[in-house]
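Reproduced below: structure19.txt, with compact mmCIF, N, CA and C atoms and all ligand atoms.
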# COMPACT_ATOMS: atom_id res chain seq x y z
N MET A 1 54.66 19.93 -5.09
CA MET A 1 55.95 19.57 -4.51
C MET A 1 57.00 19.37 -5.56
N ALA A 2 56.68 19.76 -6.76
CA ALA A 2 57.65 19.63 -7.85
C ALA A 2 58.57 20.84 -7.94
N THR A 3 58.24 21.89 -7.23
CA THR A 3 59.06 23.10 -7.37
C THR A 3 60.34 22.99 -6.57
N ALA A 4 61.40 23.46 -7.14
CA ALA A 4 62.69 23.49 -6.45
C ALA A 4 62.93 24.88 -5.90
N GLY A 5 63.69 24.95 -4.85
CA GLY A 5 64.09 26.24 -4.34
C GLY A 5 63.18 26.80 -3.27
N GLY A 6 62.28 26.00 -2.76
CA GLY A 6 61.48 26.42 -1.62
C GLY A 6 60.62 27.65 -1.87
N GLY A 7 60.05 27.76 -3.06
CA GLY A 7 59.14 28.87 -3.33
C GLY A 7 59.82 30.21 -3.50
N MET A 8 61.09 30.21 -3.78
CA MET A 8 61.79 31.47 -4.03
C MET A 8 61.29 32.10 -5.31
N ALA A 9 61.39 33.40 -5.37
CA ALA A 9 61.04 34.10 -6.61
C ALA A 9 62.08 33.77 -7.68
N ALA A 10 61.79 34.19 -8.90
CA ALA A 10 62.72 33.94 -9.99
C ALA A 10 64.09 34.52 -9.65
N PRO A 11 65.15 33.81 -9.99
CA PRO A 11 66.49 34.32 -9.69
C PRO A 11 66.78 35.59 -10.48
N CYS A 12 67.54 36.45 -9.88
CA CYS A 12 67.90 37.71 -10.54
C CYS A 12 69.41 37.83 -10.67
N TRP A 13 69.79 38.66 -11.60
CA TRP A 13 71.20 38.95 -11.81
C TRP A 13 71.43 40.44 -11.66
N VAL A 14 72.64 40.78 -11.31
CA VAL A 14 73.04 42.17 -11.31
C VAL A 14 73.82 42.42 -12.60
N LEU A 15 73.30 43.33 -13.40
CA LEU A 15 73.93 43.63 -14.69
C LEU A 15 74.29 45.11 -14.74
N ARG A 16 75.17 45.45 -15.69
CA ARG A 16 75.54 46.84 -15.83
C ARG A 16 75.34 47.28 -17.27
N CYS A 17 74.68 48.40 -17.42
CA CYS A 17 74.40 48.92 -18.76
C CYS A 17 75.68 49.51 -19.35
N CYS A 18 75.93 49.21 -20.63
CA CYS A 18 77.13 49.74 -21.27
C CYS A 18 76.91 51.18 -21.72
N SER A 19 75.67 51.63 -21.69
CA SER A 19 75.37 52.98 -22.17
C SER A 19 75.31 53.98 -21.02
N CYS A 20 74.39 53.77 -20.08
CA CYS A 20 74.29 54.71 -18.95
C CYS A 20 75.17 54.26 -17.78
N ARG A 21 75.69 53.03 -17.86
CA ARG A 21 76.67 52.53 -16.90
C ARG A 21 76.13 52.32 -15.50
N LEU A 22 74.83 52.22 -15.38
CA LEU A 22 74.26 51.94 -14.07
C LEU A 22 74.11 50.44 -13.86
N PHE A 23 74.30 50.03 -12.63
CA PHE A 23 74.03 48.65 -12.27
C PHE A 23 72.53 48.51 -12.04
N GLN A 24 72.00 47.35 -12.31
CA GLN A 24 70.59 47.12 -12.07
C GLN A 24 70.30 45.64 -11.93
N ALA A 25 69.22 45.34 -11.22
CA ALA A 25 68.79 43.95 -11.05
C ALA A 25 67.85 43.59 -12.19
N GLN A 26 68.12 42.46 -12.81
CA GLN A 26 67.27 41.98 -13.90
C GLN A 26 67.00 40.51 -13.65
N GLN A 27 65.85 40.04 -14.09
CA GLN A 27 65.60 38.61 -13.98
C GLN A 27 66.62 37.85 -14.80
N ALA A 28 67.04 36.70 -14.29
CA ALA A 28 68.03 35.88 -14.98
C ALA A 28 67.60 35.66 -16.43
N LYS A 29 68.56 35.81 -17.34
CA LYS A 29 68.27 35.74 -18.78
C LYS A 29 68.57 34.37 -19.35
N ARG A 30 67.80 34.03 -20.35
CA ARG A 30 68.12 32.83 -21.11
C ARG A 30 68.82 33.20 -22.41
N SER A 31 68.66 34.43 -22.82
CA SER A 31 69.29 34.85 -24.07
C SER A 31 70.56 35.62 -23.73
N ALA A 32 71.32 35.93 -24.76
CA ALA A 32 72.59 36.63 -24.56
C ALA A 32 72.41 38.14 -24.69
N LYS A 33 71.14 38.58 -24.72
CA LYS A 33 70.89 40.02 -24.84
C LYS A 33 69.92 40.47 -23.77
N TRP A 34 70.01 41.72 -23.39
CA TRP A 34 69.07 42.28 -22.44
C TRP A 34 68.92 43.77 -22.71
N SER A 35 67.87 44.35 -22.13
CA SER A 35 67.62 45.77 -22.33
C SER A 35 67.70 46.49 -21.00
N CYS A 36 68.36 47.62 -21.00
CA CYS A 36 68.50 48.42 -19.79
C CYS A 36 67.14 48.98 -19.38
N SER A 37 66.82 48.88 -18.09
CA SER A 37 65.53 49.39 -17.65
C SER A 37 65.59 50.90 -17.39
N VAL A 38 66.78 51.46 -17.44
CA VAL A 38 66.92 52.90 -17.22
C VAL A 38 66.88 53.65 -18.55
N CYS A 39 67.75 53.28 -19.48
CA CYS A 39 67.84 54.03 -20.74
C CYS A 39 67.30 53.24 -21.93
N GLY A 40 66.99 51.96 -21.72
CA GLY A 40 66.38 51.17 -22.79
C GLY A 40 67.36 50.57 -23.78
N GLN A 41 68.64 50.79 -23.57
CA GLN A 41 69.66 50.27 -24.48
C GLN A 41 69.66 48.75 -24.53
N ARG A 42 69.54 48.19 -25.72
CA ARG A 42 69.63 46.75 -25.86
C ARG A 42 71.08 46.38 -26.12
N GLN A 43 71.55 45.36 -25.42
CA GLN A 43 72.98 45.08 -25.46
C GLN A 43 73.28 43.62 -25.17
N ALA A 44 74.49 43.23 -25.47
CA ALA A 44 74.92 41.86 -25.19
C ALA A 44 75.16 41.70 -23.70
N LEU A 45 74.88 40.50 -23.23
CA LEU A 45 75.13 40.20 -21.82
C LEU A 45 76.59 39.81 -21.67
N LEU A 46 77.38 40.70 -21.13
CA LEU A 46 78.83 40.49 -21.06
C LEU A 46 79.27 39.97 -19.71
N LYS A 47 78.65 40.45 -18.67
CA LYS A 47 79.14 40.11 -17.34
C LYS A 47 77.99 40.15 -16.34
N VAL A 48 77.96 39.17 -15.47
CA VAL A 48 76.99 39.15 -14.38
C VAL A 48 77.73 39.52 -13.10
N TYR A 49 77.33 40.61 -12.48
CA TYR A 49 78.05 41.12 -11.31
C TYR A 49 77.56 40.50 -10.01
N GLY A 50 76.41 39.84 -10.07
CA GLY A 50 75.91 39.20 -8.87
C GLY A 50 74.68 38.38 -9.22
N ARG A 51 74.37 37.40 -8.39
CA ARG A 51 73.19 36.57 -8.59
C ARG A 51 72.50 36.37 -7.26
N GLY A 52 71.19 36.21 -7.32
CA GLY A 52 70.49 35.94 -6.08
C GLY A 52 69.02 36.26 -6.23
N SER A 53 68.34 36.42 -5.11
CA SER A 53 66.93 36.79 -5.16
C SER A 53 66.83 38.24 -5.59
N GLY A 54 65.65 38.65 -5.98
CA GLY A 54 65.44 40.03 -6.39
C GLY A 54 65.88 41.00 -5.30
N ARG A 55 65.56 40.63 -4.05
CA ARG A 55 65.91 41.51 -2.94
C ARG A 55 67.43 41.62 -2.79
N ASP A 56 68.09 40.50 -2.84
CA ASP A 56 69.56 40.50 -2.73
C ASP A 56 70.17 41.36 -3.82
N CYS A 57 69.68 41.15 -5.04
CA CYS A 57 70.27 41.86 -6.18
C CYS A 57 70.05 43.36 -6.08
N ARG A 58 68.85 43.74 -5.67
CA ARG A 58 68.59 45.17 -5.57
C ARG A 58 69.48 45.81 -4.52
N HIS A 59 69.70 45.07 -3.46
CA HIS A 59 70.58 45.56 -2.40
C HIS A 59 72.00 45.75 -2.94
N HIS A 60 72.44 44.74 -3.68
CA HIS A 60 73.79 44.77 -4.24
C HIS A 60 73.93 45.88 -5.27
N VAL A 61 72.90 46.10 -6.05
CA VAL A 61 72.90 47.17 -7.05
C VAL A 61 73.10 48.52 -6.38
N GLN A 62 72.40 48.74 -5.28
CA GLN A 62 72.56 50.01 -4.57
C GLN A 62 73.99 50.21 -4.13
N LYS A 63 74.58 49.13 -3.63
CA LYS A 63 75.95 49.23 -3.16
C LYS A 63 76.90 49.53 -4.32
N LEU A 64 76.72 48.79 -5.40
CA LEU A 64 77.61 48.99 -6.55
C LEU A 64 77.45 50.39 -7.14
N ASN A 65 76.21 50.86 -7.23
CA ASN A 65 76.00 52.18 -7.81
C ASN A 65 76.59 53.27 -6.93
N SER A 66 76.60 53.05 -5.63
CA SER A 66 77.17 54.07 -4.76
C SER A 66 78.70 53.99 -4.77
N LEU A 67 79.23 52.78 -4.98
CA LEU A 67 80.68 52.62 -5.07
C LEU A 67 81.20 53.11 -6.41
N GLN A 68 80.33 53.09 -7.39
CA GLN A 68 80.75 53.31 -8.76
C GLN A 68 81.49 54.62 -8.96
N GLY A 69 80.98 55.70 -8.35
CA GLY A 69 81.62 57.00 -8.49
C GLY A 69 83.08 56.94 -8.08
N GLU A 70 83.31 56.42 -6.87
CA GLU A 70 84.68 56.33 -6.36
C GLU A 70 85.53 55.42 -7.21
N ALA A 71 84.96 54.27 -7.57
CA ALA A 71 85.72 53.28 -8.31
C ALA A 71 86.13 53.83 -9.67
N GLU A 72 85.22 54.51 -10.34
CA GLU A 72 85.55 55.03 -11.66
C GLU A 72 86.59 56.13 -11.58
N GLU A 73 86.53 56.88 -10.53
CA GLU A 73 87.53 57.92 -10.35
C GLU A 73 88.91 57.28 -10.20
N ALA A 74 88.98 56.24 -9.37
CA ALA A 74 90.24 55.55 -9.15
C ALA A 74 90.75 54.92 -10.45
N ILE A 75 89.83 54.35 -11.21
CA ILE A 75 90.22 53.72 -12.47
C ILE A 75 90.73 54.78 -13.46
N ALA A 76 90.04 55.90 -13.50
CA ALA A 76 90.45 56.96 -14.42
C ALA A 76 91.85 57.44 -14.09
N ARG A 77 92.16 57.45 -12.81
CA ARG A 77 93.48 57.92 -12.38
C ARG A 77 94.56 56.92 -12.77
N THR A 78 94.25 55.62 -12.60
CA THR A 78 95.29 54.62 -12.81
C THR A 78 95.36 54.11 -14.24
N ALA A 79 94.32 54.33 -15.02
CA ALA A 79 94.27 53.73 -16.35
C ALA A 79 94.13 54.77 -17.45
N ARG A 80 94.79 55.86 -17.27
CA ARG A 80 94.68 56.92 -18.27
C ARG A 80 95.17 56.47 -19.65
N CYS A 81 96.12 55.53 -19.66
CA CYS A 81 96.69 55.11 -20.93
C CYS A 81 95.70 54.30 -21.76
N CYS A 82 94.66 53.82 -21.12
CA CYS A 82 93.74 52.93 -21.82
C CYS A 82 92.31 53.45 -21.74
N PRO A 83 91.88 54.23 -22.73
CA PRO A 83 90.54 54.83 -22.67
C PRO A 83 89.41 53.82 -22.87
N LYS A 84 89.73 52.62 -23.29
CA LYS A 84 88.68 51.61 -23.44
C LYS A 84 88.20 51.18 -22.07
N ARG A 85 87.15 50.38 -22.06
CA ARG A 85 86.54 50.06 -20.78
C ARG A 85 87.01 48.75 -20.16
N HIS A 86 88.10 48.24 -20.63
CA HIS A 86 88.55 46.94 -20.13
C HIS A 86 88.97 47.01 -18.66
N ALA A 87 89.29 48.19 -18.21
CA ALA A 87 89.82 48.33 -16.85
C ALA A 87 88.71 48.30 -15.81
N VAL A 88 87.48 48.29 -16.24
CA VAL A 88 86.36 48.48 -15.33
C VAL A 88 86.07 47.27 -14.44
N VAL A 89 86.69 46.15 -14.73
CA VAL A 89 86.43 44.92 -13.97
C VAL A 89 86.62 45.10 -12.47
N SER A 90 87.52 45.97 -12.10
CA SER A 90 87.85 46.09 -10.68
C SER A 90 86.72 46.69 -9.86
N VAL A 91 85.63 47.08 -10.49
CA VAL A 91 84.49 47.64 -9.76
C VAL A 91 83.81 46.58 -8.89
N VAL A 92 83.98 45.32 -9.25
CA VAL A 92 83.27 44.27 -8.53
C VAL A 92 83.87 44.06 -7.15
N MET A 93 83.14 44.47 -6.15
CA MET A 93 83.60 44.28 -4.77
C MET A 93 82.43 43.71 -3.98
N ILE A 94 82.28 42.42 -4.04
CA ILE A 94 81.14 41.80 -3.39
C ILE A 94 81.49 41.41 -1.96
N ASN A 95 80.67 41.85 -1.05
CA ASN A 95 80.88 41.45 0.35
C ASN A 95 79.71 40.64 0.85
ZN ZN B 1 71.23 52.07 -19.56

Take the structure in this file and express it as structure tokens.
Ligand SMILES: [Zn+2]
Amino acid sequence: MATAGGGMAAPCWVLRCCSCRLFQAQQAKRSAKWSCSVCGQRQALLKVYGRGSGRDCRHHVQKLNSLQGEAEEAIARTARCCPKRHAVVSVVMIN
């Protein structure tokens, strides 16, 4: 009876790889670095796009990855002056 959270699985985060740019669910990190499960790129943890159970996160990842194409297209159109990736924040559309 010492466990908190009613037996929930480990919390997960939705992260985005800076290399292959895919969103993915990862177990919540204690360090400031993580490795992409798709391309293996090790990188700094810059932004958490979502938090929740593994199931929630995977669901959210699917949504973000399917939105990503459209969102990046829109960003490319509106942010041509800035080739850096600072404009990418607007991809976060959590419902
Ligand atoms: Zn990657």

Mind checking which residues fall within 12 Å of Ala25 in chain A, counting only C-alpha atoms, ignoring those fewer than 2 positions away in the same chain, and posting them as a PDB file with N, CA and C atoms, in the coordinates of the input?
ATOM      1  N   ALA A  10      61.790  34.190  -8.900  1.00  0.00           N
ATOM      2  CA  ALA A  10      62.720  33.940  -9.990  1.00  0.00           C
ATOM      3  C   ALA A  10      64.090  34.520  -9.650  1.00  0.00           C
ATOM      4  N   PRO A  11      65.150  33.810  -9.990  1.00  0.00           N
ATOM      5  CA  PRO A  11      66.490  34.320  -9.690  1.00  0.00           C
ATOM      6  C   PRO A  11      66.780  35.590 -10.480  1.00  0.00           C
ATOM      7  N   CYS A  12      67.540  36.450  -9.880  1.00  0.00           N
ATOM      8  CA  CYS A  12      67.900  37.710 -10.540  1.00  0.00           C
ATOM      9  C   CYS A  12      69.410  37.830 -10.670  1.00  0.00           C
ATOM     10  N   TRP A  13      69.790  38.660 -11.600  1.00  0.00           N
ATOM     11  CA  TRP A  13      71.200  38.950 -11.810  1.00  0.00           C
ATOM     12  C   TRP A  13      71.430  40.440 -11.660  1.00  0.00           C
ATOM     13  N   VAL A  14      72.640  40.780 -11.310  1.00  0.00           N
ATOM     14  CA  VAL A  14      73.040  42.170 -11.310  1.00  0.00           C
ATOM     15  C   VAL A  14      73.820  42.420 -12.600  1.00  0.00           C
ATOM     16  N   LEU A  15      73.300  43.330 -13.400  1.00  0.00           N
ATOM     17  CA  LEU A  15      73.930  43.630 -14.690  1.00  0.00           C
ATOM     18  C   LEU A  15      74.290  45.110 -14.740  1.00  0.00           C
ATOM     19  N   ARG A  16      75.170  45.450 -15.690  1.00  0.00           N
ATOM     20  CA  ARG A  16      75.540  46.840 -15.830  1.00  0.00           C
ATOM     21  C   ARG A  16      75.340  47.280 -17.270  1.00  0.00           C
ATOM     22  N   CYS A  17      74.680  48.400 -17.420  1.00  0.00           N
ATOM     23  CA  CYS A  17      74.400  48.920 -18.760  1.00  0.00           C
ATOM     24  C   CYS A  17      75.680  49.510 -19.350  1.00  0.00           C
ATOM     25  N   LEU A  22      74.830  52.220 -15.380  1.00  0.00           N
ATOM     26  CA  LEU A  22      74.260  51.940 -14.070  1.00  0.00           C
ATOM     27  C   LEU A  22      74.110  50.440 -13.860  1.00  0.00           C
ATOM     28  N   PHE A  23      74.300  50.030 -12.630  1.00  0.00           N
ATOM     29  CA  PHE A  23      74.030  48.650 -12.270  1.00  0.00           C
ATOM     30  C   PHE A  23      72.530  48.510 -12.040  1.00  0.00           C
ATOM     31  N   GLN A  27      65.850  40.040 -14.090  1.00  0.00           N
ATOM     32  CA  GLN A  27      65.600  38.610 -13.980  1.00  0.00           C
ATOM     33  C   GLN A  27      66.620  37.850 -14.800  1.00  0.00           C
ATOM     34  N   ALA A  28      67.040  36.700 -14.290  1.00  0.00           N
ATOM     35  CA  ALA A  28      68.030  35.880 -14.980  1.00  0.00           C
ATOM     36  C   ALA A  28      67.600  35.660 -16.430  1.00  0.00           C
ATOM     37  N   LYS A  29      68.560  35.810 -17.340  1.00  0.00           N
ATOM     38  CA  LYS A  29      68.270  35.740 -18.780  1.00  0.00           C
ATOM     39  C   LYS A  29      68.570  34.370 -19.350  1.00  0.00           C
ATOM     40  N   TRP A  34      70.010  41.720 -23.390  1.00  0.00           N
ATOM     41  CA  TRP A  34      69.070  42.280 -22.440  1.00  0.00           C
ATOM     42  C   TRP A  34      68.920  43.770 -22.710  1.00  0.00           C
ATOM     43  N   SER A  35      67.870  44.350 -22.130  1.00  0.00           N
ATOM     44  CA  SER A  35      67.620  45.770 -22.330  1.00  0.00           C
ATOM     45  C   SER A  35      67.700  46.490 -21.000  1.00  0.00           C
ATOM     46  N   CYS A  36      68.360  47.620 -21.000  1.00  0.00           N
ATOM     47  CA  CYS A  36      68.500  48.420 -19.790  1.00  0.00           C
ATOM     48  C   CYS A  36      67.140  48.980 -19.380  1.00  0.00           C
ATOM     49  N   SER A  37      66.820  48.880 -18.090  1.00  0.00           N
ATOM     50  CA  SER A  37      65.530  49.390 -17.650  1.00  0.00           C
ATOM     51  C   SER A  37      65.590  50.900 -17.390  1.00  0.00           C
ATOM     52  N   VAL A  38      66.780  51.460 -17.440  1.00  0.00           N
ATOM     53  CA  VAL A  38      66.920  52.900 -17.220  1.00  0.00           C
ATOM     54  C   VAL A  38      66.880  53.650 -18.550  1.00  0.00           C
ATOM     55  N   VAL A  48      77.960  39.170 -15.470  1.00  0.00           N
ATOM     56  CA  VAL A  48      76.990  39.150 -14.380  1.00  0.00           C
ATOM     57  C   VAL A  48      77.730  39.520 -13.100  1.00  0.00           C
ATOM     58  N   TYR A  49      77.330  40.610 -12.480  1.00  0.00           N
ATOM     59  CA  TYR A  49      78.050  41.120 -11.310  1.00  0.00           C
ATOM     60  C   TYR A  49      77.560  40.500 -10.010  1.00  0.00           C
ATOM     61  N   GLY A  50      76.410  39.840 -10.070  1.00  0.00           N
ATOM     62  CA  GLY A  50      75.910  39.200  -8.870  1.00  0.00           C
ATOM     63  C   GLY A  50      74.680  38.380  -9.220  1.00  0.00           C
ATOM     64  N   ARG A  51      74.370  37.400  -8.390  1.00  0.00           N
ATOM     65  CA  ARG A  51      73.190  36.570  -8.590  1.00  0.00           C
ATOM     66  C   ARG A  51      72.500  36.370  -7.260  1.00  0.00           C
ATOM     67  N   GLY A  52      71.190  36.210  -7.320  1.00  0.00           N
ATOM     68  CA  GLY A  52      70.490  35.940  -6.080  1.00  0.00           C
ATOM     69  C   GLY A  52      69.020  36.260  -6.230  1.00  0.00           C
ATOM     70  N   SER A  53      68.340  36.420  -5.110  1.00  0.00           N
ATOM     71  CA  SER A  53      66.930  36.790  -5.160  1.00  0.00           C
ATOM     72  C   SER A  53      66.830  38.240  -5.590  1.00  0.00           C
ATOM     73  N   GLY A  54      65.650  38.650  -5.980  1.00  0.00           N
ATOM     74  CA  GLY A  54      65.440  40.030  -6.390  1.00  0.00           C
ATOM     75  C   GLY A  54      65.880  41.000  -5.300  1.00  0.00           C
ATOM     76  N   ARG A  55      65.560  40.630  -4.050  1.00  0.00           N
ATOM     77  CA  ARG A  55      65.910  41.510  -2.940  1.00  0.00           C
ATOM     78  C   ARG A  55      67.430  41.620  -2.790  1.00  0.00           C
ATOM     79  N   ASP A  56      68.090  40.500  -2.840  1.00  0.00           N
ATOM     80  CA  ASP A  56      69.560  40.500  -2.730  1.00  0.00           C
ATOM     81  C   ASP A  56      70.170  41.360  -3.820  1.00  0.00           C
ATOM     82  N   CYS A  57      69.680  41.150  -5.040  1.00  0.00           N
ATOM     83  CA  CYS A  57      70.270  41.860  -6.180  1.00  0.00           C
ATOM     84  C   CYS A  57      70.050  43.360  -6.080  1.00  0.00           C
ATOM     85  N   ARG A  58      68.850  43.740  -5.670  1.00  0.00           N
ATOM     86  CA  ARG A  58      68.590  45.170  -5.570  1.00  0.00           C
ATOM     87  C   ARG A  58      69.480  45.810  -4.520  1.00  0.00           C
ATOM     88  N   HIS A  59      69.700  45.070  -3.460  1.00  0.00           N
ATOM     89  CA  HIS A  59      70.580  45.560  -2.400  1.00  0.00           C
ATOM     90  C   HIS A  59      72.000  45.750  -2.940  1.00  0.00           C
ATOM     91  N   HIS A  60      72.440  44.740  -3.680  1.00  0.00           N
ATOM     92  CA  HIS A  60      73.790  44.770  -4.240  1.00  0.00           C
ATOM     93  C   HIS A  60      73.930  45.880  -5.270  1.00  0.00           C
ATOM     94  N   VAL A  61      72.900  46.100  -6.050  1.00  0.00           N
ATOM     95  CA  VAL A  61      72.900  47.170  -7.050  1.00  0.00           C
ATOM     96  C   VAL A  61      73.100  48.520  -6.380  1.00  0.00           C
ATOM     97  N   GLN A  62      72.400  48.740  -5.280  1.00  0.00           N
ATOM     98  CA  GLN A  62      72.560  50.010  -4.570  1.00  0.00           C
ATOM     99  C   GLN A  62      73.990  50.210  -4.130  1.00  0.00           C
ATOM    100  N   LYS A  63      74.580  49.130  -3.630  1.00  0.00           N
ATOM    101  CA  LYS A  63      75.950  49.230  -3.160  1.00  0.00           C
ATOM    102  C   LYS A  63      76.900  49.530  -4.320  1.00  0.00           C
ATOM    103  N   LEU A  64      76.720  48.790  -5.400  1.00  0.00           N
ATOM    104  CA  LEU A  64      77.610  48.990  -6.550  1.00  0.00           C
ATOM    105  C   LEU A  64      77.450  50.390  -7.140  1.00  0.00           C
ATOM    106  N   ASN A  65      76.210  50.860  -7.230  1.00  0.00           N
ATOM    107  CA  ASN A  65      76.000  52.180  -7.810  1.00  0.00           C
ATOM    108  C   ASN A  65      76.590  53.270  -6.930  1.00  0.00           C
TER     109      ASN A  65
END

Pick from A:Gln26, A:Ala9, A:Cys20, A:Ala76 nearest to Cys39 in chain A, counting all atoms listed in the file: A:Cys20

Padding 3 Å on each side, edges along x, y and z: where is the centre of the box around the listed atoms of range 50-69 of chain A, and how long are its edges in Å to one decimal? Output it as AutoDock Vina command-line options.
--center_x 74.3 --center_y 46.5 --center_z -6.2 --size_x 23.6 --size_y 27.1 --size_z 13.7

CA of Gln68 in chain A to CA of Ser31 in chain A, distance in Å rounded to a single decimal: 26.6 Å

Distance in Å - atom C of Gly69 in chain A versus CA of Lys47 in chain A: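 So the two atoms, atom C of Gly69 in chain A and CA of Lys47 in chain A, lie 19.6 Å apart.
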
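In this model, the gap between CA of Ser19 in chain A and CA of Thr78 in chain A comes to 22.1 Å.
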
6 Å contact set for Lys33 in chain A, all atoms listed in the file, chain neighbours under 3 positions out, as a list in words: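 Using all atoms listed in the file, the neighbours found are Gln43, Ala44 and Leu45 of chain A.
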
Output of the above residues as a CSV table (one decimal), in the frame of the given file, restricted to N, CA and C atoms:
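This is the output file again03.csv:
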chain,number,residue,atom,x,y,z
A,43,GLN,N,71.6,45.4,-25.4
A,43,GLN,CA,73.0,45.1,-25.5
A,43,GLN,C,73.3,43.6,-25.2
A,44,ALA,N,74.5,43.2,-25.5
A,44,ALA,CA,74.9,41.9,-25.2
A,44,ALA,C,75.2,41.7,-23.7
A,45,LEU,N,74.9,40.5,-23.2
A,45,LEU,CA,75.1,40.2,-21.8
A,45,LEU,C,76.6,39.8,-21.7

Of the listed residues A:Cys18, A:Ala32, A:Ala74, A:Leu67, that which approaches ligand ZN 1 (chain B) most closely, counting all atoms listed in the file: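 Checking each candidate against ligand ZN 1 (chain B), we get A:Cys18 as the closest.
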
Best match for closeness to ligand ZN 1 (chain B) among A:Gln24, A:Ser66, A:Arg30, A:Gln41, counting only N, CA and C atoms and all ligand atoms: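 Of all the options, A:Gln41 lies closest to ligand ZN 1 (chain B).
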